[in-house]
Amino acid sequence: MVTPAETRGASTPDAAAPTGHRSVTLDPPPVTVAEPEPATTTPPQPPAEPEAPATPGARRVRRWRWTRRRIDLTVYGGFLLAAIWVTSGIWADPAGRVAALYSSDPAQVQFFLAHSVRVVLHGEFPFFTEQFNYPDGVNLMANTAILALGIPMVPVTLLFGPAVSFVTLVTLGLAGTAAAWYRVLSRHVIRHRPAAAVAAWFCGFSPAMLSHANWHPNIISQFLLPFIVWRVLVLTRSTRPVRDGVLLALLVTAQAFINEEILLFTALALGVFLIAVVVQQRERWTTAWRPLGAGLAVCAALAGALLAYPLYVQFAGPMAYHGLSDAVRDYGNDIAAYFAPGSPTFGGNERANVNLAPNYSEENAFFGWSLSLIAVGIVIWLRRDVIVRALAATGLFFAVLSLGERISWWDRELVTGPWEFLVRLPLLDAVVPTRFGLITSVTVAILLAYAVRRAWALRGVDRRTARKLTAAGLILALLPIAPMPLRVTTREPVPKFITADRWRQYVGPDQTLVSVPVPAMGNTDPMRWAASTNLDFKIPGGYFLAPRNGVTGDPGRFGGRPSGIGEMLREVSSTGRTPKLDDRQRRRYLDELRHWNAAVVVLPLAEQNAEPLRRTVEQLVGPGRQELDVWLWDVRKLTSRPA
């Protein structure tokens, strides 16, 4: 359906495509001009000269010739080295270093990785857990528990811990996404290795990907997306739509257990792109709708069957929520974000990017002026091509949606955005709009590949000159946003009280270890403690999405039910002021400890404002004692439930 040879009026299908239409080219193969051979005679051939004996040096040249396979392996190795470069600060000490600006998401991911260990080793229910936010629990299907990543990483998590698994996933997410795009583009779409390498580089190491690499391995692990895109395009001209629909369903199912939001983005982007092609050339629909419809029907049936129960748990199971928290629903990009370089890039500046994105983990645009202008120039240069126009329309459409409910320029509100009218639609009410910029990044990457491929095949221009000019343009576009190592900071180690298993003397299977302050969005260290033990003890609270007030079906919010003792201890931790508790407050807070079935209350000696926190807890449950590197209160007698 989308072969550009046809978009420019060609009547012959791509000769390089296999009989079963297993590839979809976005550019025709290079045209070679050769002298026509006579129809009936063959020119005499000179006698072959005897082959000279090969020298050792000649053998070495042949042995190390750049074959296609070696070129591919070199490209893959380059992507891996770049990913290690980006994450090098964390690799230096995975357990002791974290993204400098915010540490909650890595702790949450490490908790989910430990949950995968329990799923594999203990057969624990994969889609819901009571190991945090006890006793209400957390709906893991509604919290992106990355089962498709965590389960394969179980051996790494068991051997080296969840912190090493986390940085491994980030590294492989960046390199794997770039490698997957390179394979699909070079083998099935563009079929030009330099162009595919450029596009794959930007898909894997764009400013948006680097931004999410700080905390979101589930978002940057996009290595299935190129194959999903390819299989959908194959369906438009498939001769075996049932088989192709089954293959697509398996890819969709796997991606659903990595990140459903990215899967939704892929479906939306493909829909807009195909519509943009059909609108320009309506005759394509007559040949494409039957195989596409049949394949998508098979995909929907099989993927629906495989995902029916997990999706039921997500949308109707315990602690399910409908719609995102207001805190993130209106996250949008500033228009200027598309012209500034990303913070974790060569030309980036964190201070300059203030207020252009919701936060430093959501810099979902940030192409820089040079790449933005070059992308516009590519569209103007190749404007006669249907595919270029469709890519441009797709990228622009989602760039506008990424601006959110209020469109602004340098933090100055201009008009109401179209997202204002879409945000309440089913499924879209769970989308973070700024992330639509990820779709625009992919369209820009493919436009770059298209331009490189076309420049490489220019006629009437010295080939060497054309390649030099192309390389110069790419340097101008990509150097300002070249990836830099993520900025990291140190964090407090897991207390020895936890690592030495001293907690096991106190905490039973249905009891909780209550940290001070109580685990919450801004205090996720106790989640790392639990993850380091493979979740062998339960904790109250934590960082997750749940329905407001713990009522299944309500709109989502970060954290569980409001906690009086949690709010009090959080305020003491931030201000250093010790409150005076009256009898009513003591009864209320003790009721919360009983609700959590607390066994011990633990305060690390190194905790900020540890002394005011210790005095506050002592007003509630009496004197504590120091054990290893924590203050400890055994509260089992106060919280024990009647038999």
# chains A, B, ... in the order shown; residues from 1 in each chain; ligands from 1
$ select_by_dssp --residues "segment 464-518 of chain A" --states "alpha helix (DSSP H)" --output "PyMOL selection string"
chain A and resi 464-478+496-499
$ residues_around --residues "segment 494-510 of chain A" --least-positions-apart "2" --cutoff "7 Å" --atoms "only C-alpha atoms" --output "JSON, numbers by chain"
{"A": [492, 512, 513, 529, 537, 599, 600, 604, 628, 629, 630]}
$ closest_residue --among "A:Ala466, A:Pro207, A:Gly317, A:Gly161" --to "Gly348 of chain A" --atoms "only C-alpha atoms"
A:Pro207
$ closest_residue --among "A:Ala107, A:Ala145, A:Ala114, A:Leu169" --to "Gly522 of chain A" --atoms "only C-alpha atoms"
A:Ala107
$ closest_residue --among "A:Tyr309, A:Trp596, A:Phe558, A:Trp409" --to "Ala327 of chain A" --atoms "only C-alpha atoms"
A:Phe558
$ closest_residue --among "A:Ser532, A:Ser211, A:Gln222, A:Gln511" --to "Ser165 of chain A" --atoms "only C-alpha atoms"
A:Ser532
$ residues_around --residues "Ala520 of chain A" --least-positions-apart "4" --cutoff "6 Å" --atoms "only C-alpha atoms" --output "list in words"
Gly541, Gly542 and Tyr543 of chain A
$ closest_residue --among "A:Thr552, A:Leu396, A:Leu324, A:Gly566" --to "Leu593 of chain A" --atoms "only C-alpha atoms"
A:Gly566
$ select_by_dssp --residues "segment 105-179 of chain A" --states "strand (DSSP E or B)" --output "count of residues only"
4
$ residues_around --residues "Arg587 of chain A" --least-positions-apart "4" --cutoff "12 Å" --atoms "only C-alpha atoms" --output "list of chain:residue names"
A:Gly564, A:Ile565, A:Leu581, A:Asp582, A:Asp583, A:Asp591, A:Glu592, A:Leu593, A:Arg594, A:Gln619, A:Leu620, A:Val621, A:Leu638, A:Thr639
$ write_last_selection --atoms "all heavy atoms" --output "compact mmCIF listing (two decimals), in the first residue's frame"
# COMPACT_ATOMS: atom_id res chain seq x y z
N GLY A 564 -2.72 10.11 57.97
CA GLY A 564 -2.40 11.17 58.93
C GLY A 564 -0.99 11.07 59.45
O GLY A 564 -0.25 12.06 59.48
N ILE A 565 -0.57 9.86 59.85
CA ILE A 565 0.78 9.70 60.38
C ILE A 565 1.81 9.92 59.27
O ILE A 565 2.89 10.47 59.50
CB ILE A 565 0.95 8.31 61.03
CG1 ILE A 565 2.30 8.24 61.77
CG2 ILE A 565 0.84 7.19 60.02
CD1 ILE A 565 2.46 6.98 62.58
N LEU A 581 2.02 15.82 70.32
CA LEU A 581 0.84 15.01 70.02
C LEU A 581 -0.09 14.94 71.23
O LEU A 581 0.37 14.71 72.36
CB LEU A 581 1.25 13.60 69.61
CG LEU A 581 2.23 13.48 68.43
CD1 LEU A 581 2.49 12.00 68.12
CD2 LEU A 581 1.69 14.18 67.20
N ASP A 582 -1.38 15.14 70.99
CA ASP A 582 -2.35 14.96 72.07
C ASP A 582 -2.90 13.54 72.02
O ASP A 582 -2.59 12.75 71.11
CB ASP A 582 -3.47 15.99 71.97
CG ASP A 582 -4.19 15.97 70.63
OD1 ASP A 582 -4.29 14.87 70.01
OD2 ASP A 582 -4.65 17.04 70.15
N ASP A 583 -3.73 13.19 73.01
CA ASP A 583 -4.25 11.82 73.09
C ASP A 583 -5.07 11.44 71.86
O ASP A 583 -5.01 10.29 71.40
CB ASP A 583 -5.11 11.67 74.35
CG ASP A 583 -4.27 11.71 75.62
OD1 ASP A 583 -3.04 11.48 75.51
OD2 ASP A 583 -4.83 11.98 76.69
N ASP A 591 -4.27 3.76 65.40
CA ASP A 591 -5.23 3.03 64.57
C ASP A 591 -4.65 2.78 63.18
O ASP A 591 -4.90 1.71 62.58
CB ASP A 591 -6.54 3.83 64.45
CG ASP A 591 -7.39 3.73 65.72
OD1 ASP A 591 -7.13 2.82 66.53
OD2 ASP A 591 -8.28 4.58 65.90
N GLU A 592 -3.90 3.73 62.65
CA GLU A 592 -3.28 3.53 61.33
C GLU A 592 -2.24 2.42 61.40
O GLU A 592 -2.15 1.58 60.49
CB GLU A 592 -2.64 4.83 60.83
CG GLU A 592 -3.65 5.85 60.35
CD GLU A 592 -3.00 6.98 59.58
OE1 GLU A 592 -2.09 6.71 58.78
OE2 GLU A 592 -3.40 8.14 59.78
N LEU A 593 -1.44 2.40 62.45
CA LEU A 593 -0.45 1.33 62.59
C LEU A 593 -1.14 -0.03 62.69
O LEU A 593 -0.66 -1.03 62.14
CB LEU A 593 0.42 1.57 63.81
CG LEU A 593 1.39 2.75 63.74
CD1 LEU A 593 2.15 2.90 65.06
CD2 LEU A 593 2.38 2.58 62.60
N ARG A 594 -2.29 -0.08 63.39
CA ARG A 594 -3.03 -1.34 63.47
C ARG A 594 -3.60 -1.72 62.11
O ARG A 594 -3.62 -2.90 61.74
CB ARG A 594 -4.15 -1.21 64.50
CG ARG A 594 -3.66 -1.03 65.94
CD ARG A 594 -4.81 -1.12 66.94
NE ARG A 594 -4.33 -0.84 68.29
CZ ARG A 594 -4.47 0.33 68.91
NH1 ARG A 594 -5.08 1.34 68.29
NH2 ARG A 594 -3.99 0.51 70.12
N GLN A 619 6.82 9.92 71.04
CA GLN A 619 5.57 10.39 71.63
C GLN A 619 4.42 9.43 71.30
O GLN A 619 3.46 9.33 72.06
CB GLN A 619 5.21 11.77 71.08
CG GLN A 619 6.13 12.89 71.53
CD GLN A 619 5.63 14.23 71.01
OE1 GLN A 619 4.54 14.68 71.38
NE2 GLN A 619 6.41 14.85 70.15
N LEU A 620 4.55 8.74 70.18
CA LEU A 620 3.46 7.87 69.72
C LEU A 620 3.54 6.48 70.31
O LEU A 620 2.53 5.95 70.81
CB LEU A 620 3.50 7.80 68.19
CG LEU A 620 2.47 6.91 67.51
CD1 LEU A 620 1.05 7.41 67.79
CD2 LEU A 620 2.72 6.87 66.01
N VAL A 621 4.73 5.85 70.29
CA VAL A 621 4.83 4.43 70.68
C VAL A 621 5.85 4.19 71.78
O VAL A 621 6.11 3.04 72.12
CB VAL A 621 5.17 3.56 69.45
CG1 VAL A 621 4.06 3.62 68.42
CG2 VAL A 621 6.50 3.98 68.82
N LEU A 638 1.36 -3.40 70.48
CA LEU A 638 0.40 -2.31 70.30
C LEU A 638 -0.54 -2.54 69.14
O LEU A 638 -1.66 -2.02 69.12
CB LEU A 638 1.14 -0.98 70.08
CG LEU A 638 1.98 -0.46 71.25
CD1 LEU A 638 2.77 0.77 70.82
CD2 LEU A 638 1.08 -0.11 72.43
N THR A 639 -0.09 -3.30 68.14
CA THR A 639 -0.87 -3.42 66.91
C THR A 639 -1.44 -4.82 66.69
O THR A 639 -2.12 -5.04 65.69
CB THR A 639 0.00 -3.07 65.69
OG1 THR A 639 1.11 -3.99 65.62
CG2 THR A 639 0.53 -1.65 65.80
$ atom_distance --atom1 "atom CA of Thr236 of chain A" --atom2 "atom CA of Trp289 of chain A"
7.0 Å
$ closest_residue --among "A:Arg454, A:Gly173, A:Thr489, A:Leu535" --to "His192 of chain A" --atoms "only C-alpha atoms"
A:Arg454
$ residues_around --residues "segment 174-189 of chain A" --least-positions-apart "3" --cutoff "6 Å" --atoms "only C-alpha atoms" --output "list in words"
Ser23, Val24, Thr25, Leu26, Tyr76, Phe79, Leu80, Ala83, Thr171, His192, Arg193, Ala196, Ala197, Ala200, Trp201, Cys203, Gly204, Gln222, Phe223 and Pro226 of chain A
$ residues_around --residues "Met568 of chain A" --least-positions-apart "4" --cutoff "9 Å" --atoms "only C-alpha atoms" --output "PDB file with N, CA and C atoms, in the first residue's frame"
ATOM      1  N   PRO A 517      10.403   8.499  57.237  1.00  0.00           N
ATOM      2  CA  PRO A 517       8.981   8.739  56.977  1.00  0.00           C
ATOM      3  C   PRO A 517       8.325   7.551  56.273  1.00  0.00           C
ATOM      4  N   SER A 563      -2.925   9.427  54.616  1.00  0.00           N
ATOM      5  CA  SER A 563      -2.437   8.903  55.893  1.00  0.00           C
ATOM      6  C   SER A 563      -2.061  10.062  56.807  1.00  0.00           C
ATOM      7  N   GLY A 564      -2.718  10.106  57.974  1.00  0.00           N
ATOM      8  CA  GLY A 564      -2.404  11.167  58.927  1.00  0.00           C
ATOM      9  C   GLY A 564      -0.988  11.068  59.450  1.00  0.00           C
ATOM     10  N   VAL A 572       7.579  16.667  59.448  1.00  0.00           N
ATOM     11  CA  VAL A 572       8.710  16.732  60.377  1.00  0.00           C
ATOM     12  C   VAL A 572      10.021  16.553  59.618  1.00  0.00           C
ATOM     13  N   SER A 573      10.034  15.632  58.667  1.00  0.00           N
ATOM     14  CA  SER A 573      11.251  15.389  57.899  1.00  0.00           C
ATOM     15  C   SER A 573      11.679  16.613  57.106  1.00  0.00           C
ATOM     16  N   PRO A 579       6.339  18.083  66.496  1.00  0.00           N
ATOM     17  CA  PRO A 579       5.016  18.477  67.005  1.00  0.00           C
ATOM     18  C   PRO A 579       4.753  17.866  68.375  1.00  0.00           C
TER      19      PRO A 579
END
$ residues_around --residues "Ala365 of chain A" --least-positions-apart "5" --cutoff "7 Å" --atoms "only C-alpha atoms" --output "count of residues only"
5
$ closest_atom_pairs --of "segment 216-290 of chain A" --to "segment 415-435 of chain A" --cutoff "9 Å" --atoms "only C-alpha atoms" --output "Markdown table"
| residue | atom | partner | partner_atom | distance |
| --- | --- | --- | --- | --- |
| A:Glu261 | CA | A:Val431 | CA | 6.7 |
| A:Ile262 | CA | A:Arg435 | CA | 8.9 |
| A:Leu264 | CA | A:Leu427 | CA | 8.6 |
| A:Phe265 | CA | A:Arg435 | CA | 8.8 |
$ write_last_selection --atoms "C-alpha atoms" --output "compact mmCIF listing (two decimals), in the first residue's frame"
# COMPACT_ATOMS: atom_id res chain seq x y z
CA GLU A 261 0.84 3.77 26.45
CA ILE A 262 3.61 3.37 23.87
CA LEU A 264 -1.40 3.01 21.97
CA PHE A 265 0.86 5.71 20.49
$ atom_distance --atom1 "atom CA of Leu235 of chain A" --atom2 "atom CA of Gly271 of chain A"
13.2 Å
